[in-house]
file input_29.cif (mmCIF, C-alpha atoms)
data_my_file
#
loop_
_atom_site.group_PDB
_atom_site.id
_atom_site.type_symbol
_atom_site.label_atom_id
_atom_site.label_comp_id
_atom_site.auth_asym_id
_atom_site.auth_seq_id
_atom_site.Cartn_x
_atom_site.Cartn_y
_atom_site.Cartn_z
ATOM 1 C CA MET A 1 -38.378 29.355 122.313
ATOM 2 C CA SER A 2 -36.952 25.950 122.046
ATOM 3 C CA THR A 3 -39.631 24.862 119.715
ATOM 4 C CA MET A 4 -39.187 27.905 117.521
ATOM 5 C CA SER A 5 -35.460 27.380 117.359
ATOM 6 C CA THR A 6 -35.917 23.781 116.516
ATOM 7 C CA LEU A 7 -38.357 24.677 113.738
ATOM 8 C CA ARG A 8 -35.908 27.191 112.346
ATOM 9 C CA LYS A 9 -33.147 24.635 112.476
ATOM 10 C CA LYS A 10 -35.335 22.178 110.612
ATOM 11 C CA LYS A 11 -36.166 24.770 107.987
ATOM 12 C CA ARG A 12 -32.459 25.573 107.601
ATOM 13 C CA LYS A 13 -31.675 21.878 107.245
ATOM 14 C CA ARG A 14 -34.396 21.470 104.622
ATOM 15 C CA SER A 15 -33.206 24.533 102.709
ATOM 16 C CA SER A 16 -29.630 23.338 102.930
ATOM 17 C CA SER A 17 -30.659 19.843 101.880
ATOM 18 C CA SER A 18 -32.697 21.253 99.038
ATOM 19 C CA ALA A 19 -29.750 23.409 98.113
ATOM 20 C CA HIS A 20 -27.490 20.344 98.173
ATOM 21 C CA THR A 21 -29.975 18.435 96.129
ATOM 22 C CA THR A 22 -30.426 21.175 93.541
ATOM 23 C CA VAL A 23 -26.718 21.845 93.110
ATOM 24 C CA PRO A 24 -25.900 18.412 91.800
ATOM 25 C CA SER A 25 -28.854 18.608 89.458
ATOM 26 C CA SER A 26 -27.795 22.059 88.287
ATOM 27 C CA SER A 27 -24.180 20.983 88.059
ATOM 28 C CA ALA A 28 -25.206 17.878 86.192
ATOM 29 C CA HIS A 29 -27.292 20.006 83.934
ATOM 30 C CA ILE A 30 -24.315 22.226 83.273
ATOM 31 C CA THR A 31 -21.687 19.546 82.909
ATOM 32 C CA VAL A 32 -23.604 17.360 80.495
ATOM 33 C CA PRO A 33 -23.304 19.757 77.589
ATOM 34 C CA SER A 34 -19.596 20.261 78.314
ATOM 35 C CA ILE A 35 -19.034 16.522 78.353
ATOM 36 C CA ALA A 36 -20.962 16.134 75.111
ATOM 37 C CA HIS A 37 -18.923 18.886 73.502
ATOM 38 C CA SER A 38 -15.706 17.340 74.654
ATOM 39 C CA THR A 39 -16.713 13.947 73.350
ATOM 40 C CA GLU A 40 -17.743 15.485 70.026
ATOM 41 C CA SER A 41 -14.456 17.287 69.730
ATOM 42 C CA THR A 42 -12.568 14.158 70.597
ATOM 43 C CA THR A 43 -14.445 12.138 68.041
ATOM 44 C CA THR A 44 -13.903 14.728 65.325
ATOM 45 C CA SER A 45 -10.243 15.024 66.197
ATOM 46 C CA SER A 46 -9.906 11.274 66.211
ATOM 47 C CA LEU A 47 -11.585 11.184 62.823
ATOM 48 C CA HIS A 48 -9.242 13.848 61.494
ATOM 49 C CA THR A 49 -6.215 12.060 62.785
ATOM 50 C CA ALA A 50 -7.402 8.681 61.561
ATOM 51 C CA SER A 51 -8.556 9.851 58.132
ATOM 52 C CA PRO A 52 -5.227 9.188 56.260
ATOM 53 C CA SER A 53 -4.892 5.668 57.553
ATOM 54 C CA ALA A 54 -8.580 5.054 57.055
ATOM 55 C CA ALA A 55 -8.405 6.307 53.477
ATOM 56 C CA SER A 56 -5.434 4.093 52.788
ATOM 57 C CA THR A 57 -7.176 1.035 54.151
ATOM 58 C CA ILE A 58 -10.463 1.627 52.358
ATOM 59 C CA PRO A 59 -10.560 -0.713 49.296
ATOM 60 C CA GLN A 60 -11.054 1.125 46.024
ATOM 61 C CA CYS A 61 -13.773 0.057 43.679
ATOM 62 C CA PRO A 62 -12.334 -1.330 40.403
ATOM 63 C CA LEU A 63 -13.204 0.414 37.129
ATOM 64 C CA THR A 64 -15.883 -1.382 35.222
ATOM 65 C CA THR A 65 -15.488 -1.563 31.439
ATOM 66 C CA ILE A 66 -18.618 -1.473 29.397
ATOM 67 C CA PRO A 67 -18.368 -3.848 26.407
ATOM 68 C CA LEU A 68 -18.882 -2.077 23.089
ATOM 69 C CA THR A 69 -21.342 -3.813 20.863
ATOM 70 C CA LYS A 70 -20.788 -3.469 17.110
ATOM 71 C CA THR A 71 -23.817 -2.182 15.375
ATOM 72 C CA THR A 72 -24.210 -3.820 11.993
ATOM 73 C CA ARG A 73 -26.641 -2.782 9.350
ATOM 74 C CA LYS A 74 -28.846 -5.094 7.444
ATOM 75 C CA PRO A 75 -27.248 -6.715 4.401
ATOM 76 C CA VAL A 76 -27.429 -4.535 1.325
ATOM 77 C CA THR A 77 -29.383 -5.974 -1.544
ATOM 78 C CA ILE A 78 -27.674 -7.020 -4.752
ATOM 79 C CA ALA A 79 -29.250 -4.114 -6.640
ATOM 80 C CA GLU A 80 -27.903 -1.623 -4.102
ATOM 81 C CA SER A 81 -24.519 -3.323 -4.148
ATOM 82 C CA ARG A 82 -24.318 -2.974 -7.920
ATOM 83 C CA LEU A 83 -25.314 0.672 -7.587
ATOM 84 C CA TRP A 84 -22.478 1.301 -5.121
ATOM 85 C CA HIS A 85 -20.134 -0.550 -7.447
ATOM 86 C CA ARG A 86 -21.026 1.877 -10.238
ATOM 87 C CA ARG A 87 -20.919 4.945 -7.980
ATOM 88 C CA LEU A 88 -17.386 4.169 -6.833
ATOM 89 C CA ALA A 89 -16.061 3.838 -10.399
ATOM 90 C CA HIS A 90 -16.287 0.034 -10.564
ATOM 91 C CA ILE A 91 -14.000 -0.560 -7.607
ATOM 92 C CA ASN A 92 -12.931 -4.050 -6.611
ATOM 93 C CA PRO A 93 -15.681 -5.917 -4.665
ATOM 94 C CA THR A 94 -13.168 -6.835 -1.962
ATOM 95 C CA ALA A 95 -12.529 -3.141 -1.290
ATOM 96 C CA LEU A 96 -16.271 -2.439 -1.301
ATOM 97 C CA GLN A 97 -16.754 -4.835 1.592
ATOM 98 C CA PHE A 98 -14.549 -2.603 3.742
ATOM 99 C CA LEU A 99 -16.210 0.629 2.604
ATOM 100 C CA ILE A 100 -19.893 -0.321 2.603
ATOM 101 C CA ASP A 101 -21.314 -1.859 5.773
ATOM 102 C CA GLY A 102 -23.399 -4.881 4.904
ATOM 103 C CA TYR A 103 -22.208 -5.048 1.286
ATOM 104 C CA THR A 104 -23.372 -8.150 -0.544
ATOM 105 C CA LYS A 105 -20.797 -9.548 -2.936
ATOM 106 C CA ASP A 106 -22.201 -10.025 -6.395
ATOM 107 C CA ASP A 107 -20.899 -13.107 -8.167
ATOM 108 C CA SER A 108 -21.945 -11.924 -11.610
ATOM 109 C CA MET A 109 -19.300 -10.262 -13.775
ATOM 110 C CA CYS A 110 -19.628 -6.584 -14.677
ATOM 111 C CA THR A 111 -19.358 -6.075 -18.438
ATOM 112 C CA ALA A 112 -17.922 -2.584 -17.982
ATOM 113 C CA CYS A 113 -15.143 -3.973 -15.772
ATOM 114 C CA ILE A 114 -14.324 -6.652 -18.336
ATOM 115 C CA GLN A 115 -14.056 -4.109 -21.154
ATOM 116 C CA ALA A 116 -12.199 -1.437 -19.186
ATOM 117 C CA LYS A 117 -9.841 -3.650 -17.174
ATOM 118 C CA HIS A 118 -8.978 -6.095 -19.915
ATOM 119 C CA LYS A 119 -5.325 -7.052 -19.703
ATOM 120 C CA GLN A 120 -3.206 -9.039 -22.070
ATOM 121 C CA LYS A 121 -2.422 -12.463 -20.772
ATOM 122 C CA ILE A 122 1.292 -13.112 -20.861
ATOM 123 C CA ILE A 123 2.132 -16.657 -21.875
ATOM 124 C CA LYS A 124 5.572 -17.292 -20.446
ATOM 125 C CA VAL A 125 7.499 -20.138 -21.990
ATOM 126 C CA LYS A 126 10.637 -21.296 -20.259
ATOM 127 C CA THR A 127 13.639 -21.083 -22.549
ATOM 128 C CA LYS A 128 17.228 -22.092 -21.995
ATOM 129 C CA ARG A 129 19.756 -19.365 -21.418
ATOM 130 C CA THR A 130 22.275 -18.871 -24.159
ATOM 131 C CA THR A 131 25.769 -20.213 -23.523
ATOM 132 C CA LYS A 132 27.542 -19.183 -26.739
ATOM 133 C CA PRO A 133 27.841 -15.932 -28.697
ATOM 134 C CA PHE A 134 25.247 -15.448 -31.436
ATOM 135 C CA GLU A 135 23.266 -18.463 -30.310
ATOM 136 C CA LEU A 136 20.217 -16.192 -30.245
ATOM 137 C CA VAL A 137 19.924 -12.914 -32.156
ATOM 138 C CA HIS A 138 17.224 -10.312 -31.498
ATOM 139 C CA SER A 139 16.216 -7.940 -34.267
ATOM 140 C CA ASP A 140 13.838 -5.051 -34.730
ATOM 141 C CA VAL A 141 13.272 -2.096 -37.045
ATOM 142 C CA CYS A 142 12.934 1.393 -35.624
ATOM 143 C CA GLU A 143 10.825 3.611 -37.859
ATOM 144 C CA PRO A 144 9.991 6.093 -39.097
ATOM 145 C CA PHE A 145 11.690 9.324 -38.012
ATOM 146 C CA SER A 146 10.059 12.586 -38.997
ATOM 147 C CA THR A 147 13.405 14.171 -39.872
ATOM 148 C CA LEU A 148 15.629 12.539 -42.469
ATOM 149 C CA THR A 149 19.263 11.737 -41.857
ATOM 150 C CA SER A 150 22.029 13.357 -43.857
ATOM 151 C CA ALA A 151 21.752 10.472 -46.346
ATOM 152 C CA GLY A 152 17.953 10.765 -46.499
ATOM 153 C CA HIS A 153 17.097 7.696 -44.369
ATOM 154 C CA ARG A 154 14.258 7.271 -41.851
ATOM 155 C CA TYR A 155 14.899 3.781 -40.438
ATOM 156 C CA TYR A 156 17.525 1.670 -38.728
ATOM 157 C CA ILE A 157 17.717 -2.076 -38.054
ATOM 158 C CA LEU A 158 19.273 -3.665 -34.988
ATOM 159 C CA PHE A 159 20.826 -7.123 -34.674
ATOM 160 C CA ILE A 160 21.617 -7.912 -31.000
ATOM 161 C CA ASP A 161 23.459 -10.926 -29.639
ATOM 162 C CA ASP A 162 21.615 -12.315 -26.597
ATOM 163 C CA TYR A 163 24.786 -13.678 -24.969
ATOM 164 C CA THR A 164 27.044 -10.591 -25.170
ATOM 165 C CA HIS A 165 24.480 -7.911 -26.170
ATOM 166 C CA TYR A 166 26.790 -7.026 -29.041
ATOM 167 C CA THR A 167 24.700 -4.750 -31.253
ATOM 168 C CA SER A 168 24.984 -4.157 -34.978
ATOM 169 C CA ASP A 169 23.190 -1.141 -36.432
ATOM 170 C CA TRP A 170 22.193 -0.832 -40.055
ATOM 171 C CA VAL A 171 20.604 2.248 -41.611
ATOM 172 C CA PRO A 172 18.716 1.231 -44.770
ATOM 173 C CA SER A 173 17.106 3.561 -47.240
ATOM 174 C CA ASP A 174 13.723 1.876 -46.783
ATOM 175 C CA LYS A 175 12.139 -1.070 -44.969
ATOM 176 C CA LYS A 176 11.252 -3.297 -47.851
ATOM 177 C CA SER A 177 11.744 -7.026 -47.514
ATOM 178 C CA LYS A 178 14.655 -7.076 -49.987
ATOM 179 C CA THR A 179 16.442 -4.269 -48.137
ATOM 180 C CA CYS A 180 16.024 -5.982 -44.745
ATOM 181 C CA THR A 181 17.178 -9.322 -46.192
ATOM 182 C CA SER A 182 20.323 -7.772 -47.646
ATOM 183 C CA ALA A 183 21.068 -6.108 -44.292
ATOM 184 C CA TYR A 184 20.813 -9.438 -42.508
ATOM 185 C CA GLN A 185 23.064 -11.115 -45.076
ATOM 186 C CA SER A 186 25.721 -8.485 -44.362
ATOM 187 C CA PHE A 187 25.337 -9.164 -40.631
ATOM 188 C CA GLN A 188 25.525 -12.933 -41.248
ATOM 189 C CA ALA A 189 28.765 -12.515 -43.196
ATOM 190 C CA ARG A 190 30.270 -10.576 -40.261
ATOM 191 C CA VAL A 191 29.278 -13.308 -37.810
ATOM 192 C CA ASP A 192 30.758 -16.006 -40.072
ATOM 193 C CA SER A 193 34.008 -14.091 -40.236
ATOM 194 C CA MET A 194 34.163 -14.233 -36.406
ATOM 195 C CA GLY A 195 33.905 -18.025 -36.523
ATOM 196 C CA ASN A 196 30.369 -18.148 -35.077
ATOM 197 C CA ALA A 197 26.950 -19.147 -36.362
ATOM 198 C CA VAL A 198 23.463 -17.821 -35.651
ATOM 199 C CA LYS A 199 21.314 -20.633 -34.239
ATOM 200 C CA ARG A 200 18.075 -18.772 -33.512
ATOM 201 C CA PHE A 201 16.732 -15.538 -34.941
ATOM 202 C CA ARG A 202 13.944 -13.641 -33.141
ATOM 203 C CA CYS A 203 12.102 -10.658 -34.571
ATOM 204 C CA ASP A 204 8.671 -9.098 -34.274
ATOM 205 C CA ASN A 205 6.754 -9.440 -37.498
ATOM 206 C CA SER A 206 5.227 -5.973 -37.399
ATOM 207 C CA HIS A 207 5.238 -5.232 -41.135
ATOM 208 C CA GLY A 208 6.508 -8.463 -42.669
ATOM 209 C CA GLU A 209 10.011 -7.189 -43.396
ATOM 210 C CA CYS A 210 11.508 -10.401 -42.007
ATOM 211 C CA ASP A 211 8.611 -12.800 -42.378
ATOM 212 C CA ASN A 212 8.811 -13.469 -46.080
ATOM 213 C CA LYS A 213 9.838 -16.294 -48.324
ATOM 214 C CA THR A 214 13.229 -14.881 -49.281
ATOM 215 C CA PHE A 215 14.234 -14.203 -45.685
ATOM 216 C CA ARG A 216 13.181 -17.639 -44.525
ATOM 217 C CA LEU A 217 15.248 -19.272 -47.273
ATOM 218 C CA VAL A 218 18.319 -17.308 -46.152
ATOM 219 C CA LEU A 219 17.813 -18.468 -42.547
ATOM 220 C CA ALA A 220 17.256 -22.089 -43.577
ATOM 221 C CA ALA A 221 20.423 -22.083 -45.710
ATOM 222 C CA HIS A 222 22.522 -21.312 -42.613
ATOM 223 C CA GLY A 223 20.586 -23.657 -40.277
ATOM 224 C CA THR A 224 18.981 -20.802 -38.315
ATOM 225 C CA THR A 225 15.594 -21.247 -36.642
ATOM 226 C CA TYR A 226 13.155 -18.399 -37.090
ATOM 227 C CA GLU A 227 11.206 -17.357 -33.948
ATOM 228 C CA PRO A 228 8.559 -14.760 -34.772
ATOM 229 C CA CYS A 229 6.979 -12.792 -31.915
ATOM 230 C CA PRO A 230 4.105 -10.294 -31.740
ATOM 231 C CA PRO A 231 4.979 -6.612 -32.222
ATOM 232 C CA TYR A 232 5.556 -4.380 -29.177
ATOM 233 C CA ALA A 233 5.710 -7.456 -26.928
ATOM 234 C CA HIS A 234 8.487 -6.760 -24.454
ATOM 235 C CA HIS A 235 8.265 -10.175 -22.842
ATOM 236 C CA LYS A 236 9.141 -11.710 -26.231
ATOM 237 C CA ASN A 237 11.345 -9.136 -27.907
ATOM 238 C CA GLY A 238 12.187 -6.858 -25.005
ATOM 239 C CA VAL A 239 15.919 -6.893 -25.707
ATOM 240 C CA ALA A 240 15.508 -5.190 -29.087
ATOM 241 C CA GLU A 241 12.809 -2.809 -27.820
ATOM 242 C CA GLY A 242 14.996 -1.729 -24.890
ATOM 243 C CA MET A 243 18.055 -1.225 -27.101
ATOM 244 C CA ILE A 244 16.069 0.976 -29.482
ATOM 245 C CA GLN A 245 15.024 3.163 -26.572
ATOM 246 C CA THR A 246 18.623 3.363 -25.335
ATOM 247 C CA ILE A 247 20.021 4.352 -28.736
ATOM 248 C CA THR A 248 17.272 6.937 -29.307
ATOM 249 C CA GLU A 249 17.847 8.548 -25.906
ATOM 250 C CA LYS A 250 21.612 8.666 -26.442
ATOM 251 C CA ALA A 251 21.221 10.280 -29.855
ATOM 252 C CA ARG A 252 18.708 12.798 -28.535
ATOM 253 C CA SER A 253 20.974 13.689 -25.614
ATOM 254 C CA MET A 254 23.960 14.276 -27.932
ATOM 255 C CA MET A 255 21.924 16.495 -30.245
ATOM 256 C CA ILE A 256 20.542 18.565 -27.382
ATOM 257 C CA ASP A 257 24.025 18.933 -25.889
ATOM 258 C CA SER A 258 25.361 20.125 -29.252
ATOM 259 C CA GLN A 259 22.582 22.746 -29.324
ATOM 260 C CA ALA A 260 21.201 21.412 -32.601
ATOM 261 C CA PRO A 261 17.916 22.904 -33.833
ATOM 262 C CA LEU A 262 14.854 21.382 -32.237
ATOM 263 C CA VAL A 263 13.624 20.266 -35.672
ATOM 264 C CA PHE A 264 16.098 17.390 -35.524
#
call {"tool": "encode", "arguments": {"input": "input_29.cif", "output": "structure tokens"}}
result
Amino acid sequence: MSTMSTLRKKKRKRSSSSAHTTVPSSSAHITVPSIAHSTESTTTSSLHTASPSAASTIPQCPLTTIPLTKTTRKPVTIAESRLWHRRLAHINPTALQFLIDGYTKDDSMCTACIQAKHKQKIIKVKTKRTTKPFELVHSDVCEPFSTLTSAGHRYYILFIDDYTHYTSDWVPSDKKSKTCTSAYQSFQARVDSMGNAVKRFRCDNSHGECDNKTFRLVLAAHGTTYEPCPPYAHHKNGVAEGMIQTITEKARSMMIDSQAPLVF
């Protein structure tokens, strides 16, 4: 009996020892996943809590700019450049360089440009400004009007003082040289009566009414220098041309205001 009891006790001890040995292993087996889960949760929570500070401390990558390379065409040949010059209505070559990429400037002159863009060269001569009345007198003949005046005249002659712009108007019956010379003699007599003298006389020689032998002799007798100028040249005889325009516009305005027939 003693031996049987001892054997049973040994078996109980072994079973209890095996139970004690298996429990830790089972408990370890059970607790490992829980520990892993807790650590995972802690790490994720720590990441979530640390994400704002981490994002603020992370250096941002600077923006990289890609350099733009200008694509240029091959230079245009001279023949093509001339063709573009003709297509664009003979535009200035300097402007063509901005419009056509690779435009080749042609040094040769275009005959069409020379003929179409020909401008009169103004030869400016420095002259002294007048300091006395009637030192320089401008004159011109305005003609012809399609409608006659009440006296049957179509012309009028202007004599303008350059210093004061005092204007004398004469309405002759015609524009012959004798008629224009007599009109100037009447103007000269008026100037002499004022105690002045005409030093220089300027007029455009459009039809020869002032450029004749008789008129030159009248000017030379009073010591007046004759200064002819080309017709319709405003840089030479602009004072007379401008006064004619002013008088014509004033007369036209007065006739329109008086409701005169449009024939006049």
call {"tool": "atom_distance", "arguments": {"input": "input_29.cif", "atom1": "CA of Cys203 in chain A", "atom2": "CA of Ser139 in chain A"}}
result
4.9 Å
call {"tool": "resolve_selection", "arguments": {"input": "input_29.cif", "expression": "the PyMOL selection byres ((chain A and resi 113) around 10)", "output": "PyMOL selection string"}}
result
chain A and resi 86+89-92+109-112+114-118
call {"tool": "resolve_selection", "arguments": {"input": "input_29.cif", "expression": "the PyMOL selection byres ((chain A and resi 76) around 7)", "output": "number ranges by chain"}}
result
A: 74-75, 77-78, 80-81, 102-104
call {"tool": "resolve_selection", "arguments": {"input": "input_29.cif", "expression": "the PyMOL selection byres ((chain A and resi 161) around 8)", "output": "PyMOL selection string"}}
result
chain A and resi 133-138+159-160+162-167
call {"tool": "residues_around", "arguments": {"input": "input_29.cif", "residues": "Tyr184 in chain A", "least_positions_apart": "4", "cutoff": "10 Å", "atoms": "only C-alpha atoms", "output": "mmCIF file with C-alpha atoms, in the coordinates of the input"}}
result
data_model
loop_
_atom_site.group_PDB
_atom_site.id
_atom_site.type_symbol
_atom_site.label_atom_id
_atom_site.label_comp_id
_atom_site.auth_asym_id
_atom_site.auth_seq_id
_atom_site.Cartn_x
_atom_site.Cartn_y
_atom_site.Cartn_z
ATOM 1 C CA SER A 139 16.216 -7.940 -34.267
ATOM 2 C CA ILE A 157 17.717 -2.076 -38.054
ATOM 3 C CA LEU A 158 19.273 -3.665 -34.988
ATOM 4 C CA PHE A 159 20.826 -7.123 -34.674
ATOM 5 C CA TRP A 170 22.193 -0.832 -40.055
ATOM 6 C CA LYS A 178 14.655 -7.076 -49.987
ATOM 7 C CA THR A 179 16.442 -4.269 -48.137
ATOM 8 C CA CYS A 180 16.024 -5.982 -44.745
ATOM 9 C CA GLN A 188 25.525 -12.933 -41.248
ATOM 10 C CA ALA A 189 28.765 -12.515 -43.196
ATOM 11 C CA ARG A 190 30.270 -10.576 -40.261
ATOM 12 C CA CYS A 210 11.508 -10.401 -42.007
ATOM 13 C CA PHE A 215 14.234 -14.203 -45.685
ATOM 14 C CA VAL A 218 18.319 -17.308 -46.152
ATOM 15 C CA LEU A 219 17.813 -18.468 -42.547
#
call {"tool": "atom_distance", "arguments": {"input": "input_29.cif", "atom1": "CA of Ser168 in chain A", "atom2": "CA of Lys128 in chain A"}}
result
23.5 Å
call {"tool": "atom_distance", "arguments": {"input": "input_29.cif", "atom1": "CA of Ala197 in chain A", "atom2": "CA of Thr246 in chain A"}}
result
26.4 Å
call {"tool": "closest_residue", "arguments": {"input": "input_29.cif", "among": "A:Met194, A:Leu148, A:Leu83, A:Val263", "to": "Asp106 in chain A", "atoms": "only C-alpha atoms"}}
result
A:Leu83
call {"tool": "residues_near_point", "arguments": {"input": "input_29.cif", "point": "(7.3, -13.3, -42.6)", "cutoff": "12 Å", "atoms": "only C-alpha atoms", "output": "PDB file with C-alpha atoms, keeping the file's coordinate frame"}}
result
ATOM      1  CA  LYS A 176      11.252  -3.297 -47.851  1.00  0.00           C
ATOM      2  CA  SER A 177      11.744  -7.026 -47.514  1.00  0.00           C
ATOM      3  CA  CYS A 180      16.024  -5.982 -44.745  1.00  0.00           C
ATOM      4  CA  THR A 181      17.178  -9.322 -46.192  1.00  0.00           C
ATOM      5  CA  ARG A 202      13.944 -13.641 -33.141  1.00  0.00           C
ATOM      6  CA  CYS A 203      12.102 -10.658 -34.571  1.00  0.00           C
ATOM      7  CA  ASP A 204       8.671  -9.098 -34.274  1.00  0.00           C
ATOM      8  CA  ASN A 205       6.754  -9.440 -37.498  1.00  0.00           C
ATOM      9  CA  SER A 206       5.227  -5.973 -37.399  1.00  0.00           C
ATOM     10  CA  HIS A 207       5.238  -5.232 -41.135  1.00  0.00           C
ATOM     11  CA  GLY A 208       6.508  -8.463 -42.669  1.00  0.00           C
ATOM     12  CA  GLU A 209      10.011  -7.189 -43.396  1.00  0.00           C
ATOM     13  CA  CYS A 210      11.508 -10.401 -42.007  1.00  0.00           C
ATOM     14  CA  ASP A 211       8.611 -12.800 -42.378  1.00  0.00           C
ATOM     15  CA  ASN A 212       8.811 -13.469 -46.080  1.00  0.00           C
ATOM     16  CA  LYS A 213       9.838 -16.294 -48.324  1.00  0.00           C
ATOM     17  CA  THR A 214      13.229 -14.881 -49.281  1.00  0.00           C
ATOM     18  CA  PHE A 215      14.234 -14.203 -45.685  1.00  0.00           C
ATOM     19  CA  ARG A 216      13.181 -17.639 -44.525  1.00  0.00           C
ATOM     20  CA  LEU A 217      15.248 -19.272 -47.273  1.00  0.00           C
ATOM     21  CA  LEU A 219      17.813 -18.468 -42.547  1.00  0.00           C
ATOM     22  CA  TYR A 226      13.155 -18.399 -37.090  1.00  0.00           C
ATOM     23  CA  GLU A 227      11.206 -17.357 -33.948  1.00  0.00           C
ATOM     24  CA  PRO A 228       8.559 -14.760 -34.772  1.00  0.00           C
ATOM     25  CA  CYS A 229       6.979 -12.792 -31.915  1.00  0.00           C
ATOM     26  CA  PRO A 230       4.105 -10.294 -31.740  1.00  0.00           C
TER      27      PRO A 230
END
call {"tool": "residues_around", "arguments": {"input": "input_29.cif", "residues": "Thr224 in chain A", "least_positions_apart": "2", "cutoff": "7 Å", "atoms": "all atoms listed in the file", "output": "list of chain:residue names"}}
result
A:Val198, A:Lys199, A:Arg200, A:Phe201, A:Leu219, A:Ala220, A:His222, A:Tyr226
call {"tool": "axis_aligned_box", "arguments": {"input": "input_29.cif", "around": "range 94-108 of chain A", "padding_each_side": "4 Å", "output": "JSON"}}
result
{"center_x": -18.0, "center_y": -6.2, "center_z": -2.9, "size_x": 18.9, "size_y": 21.7, "size_z": 25.4}
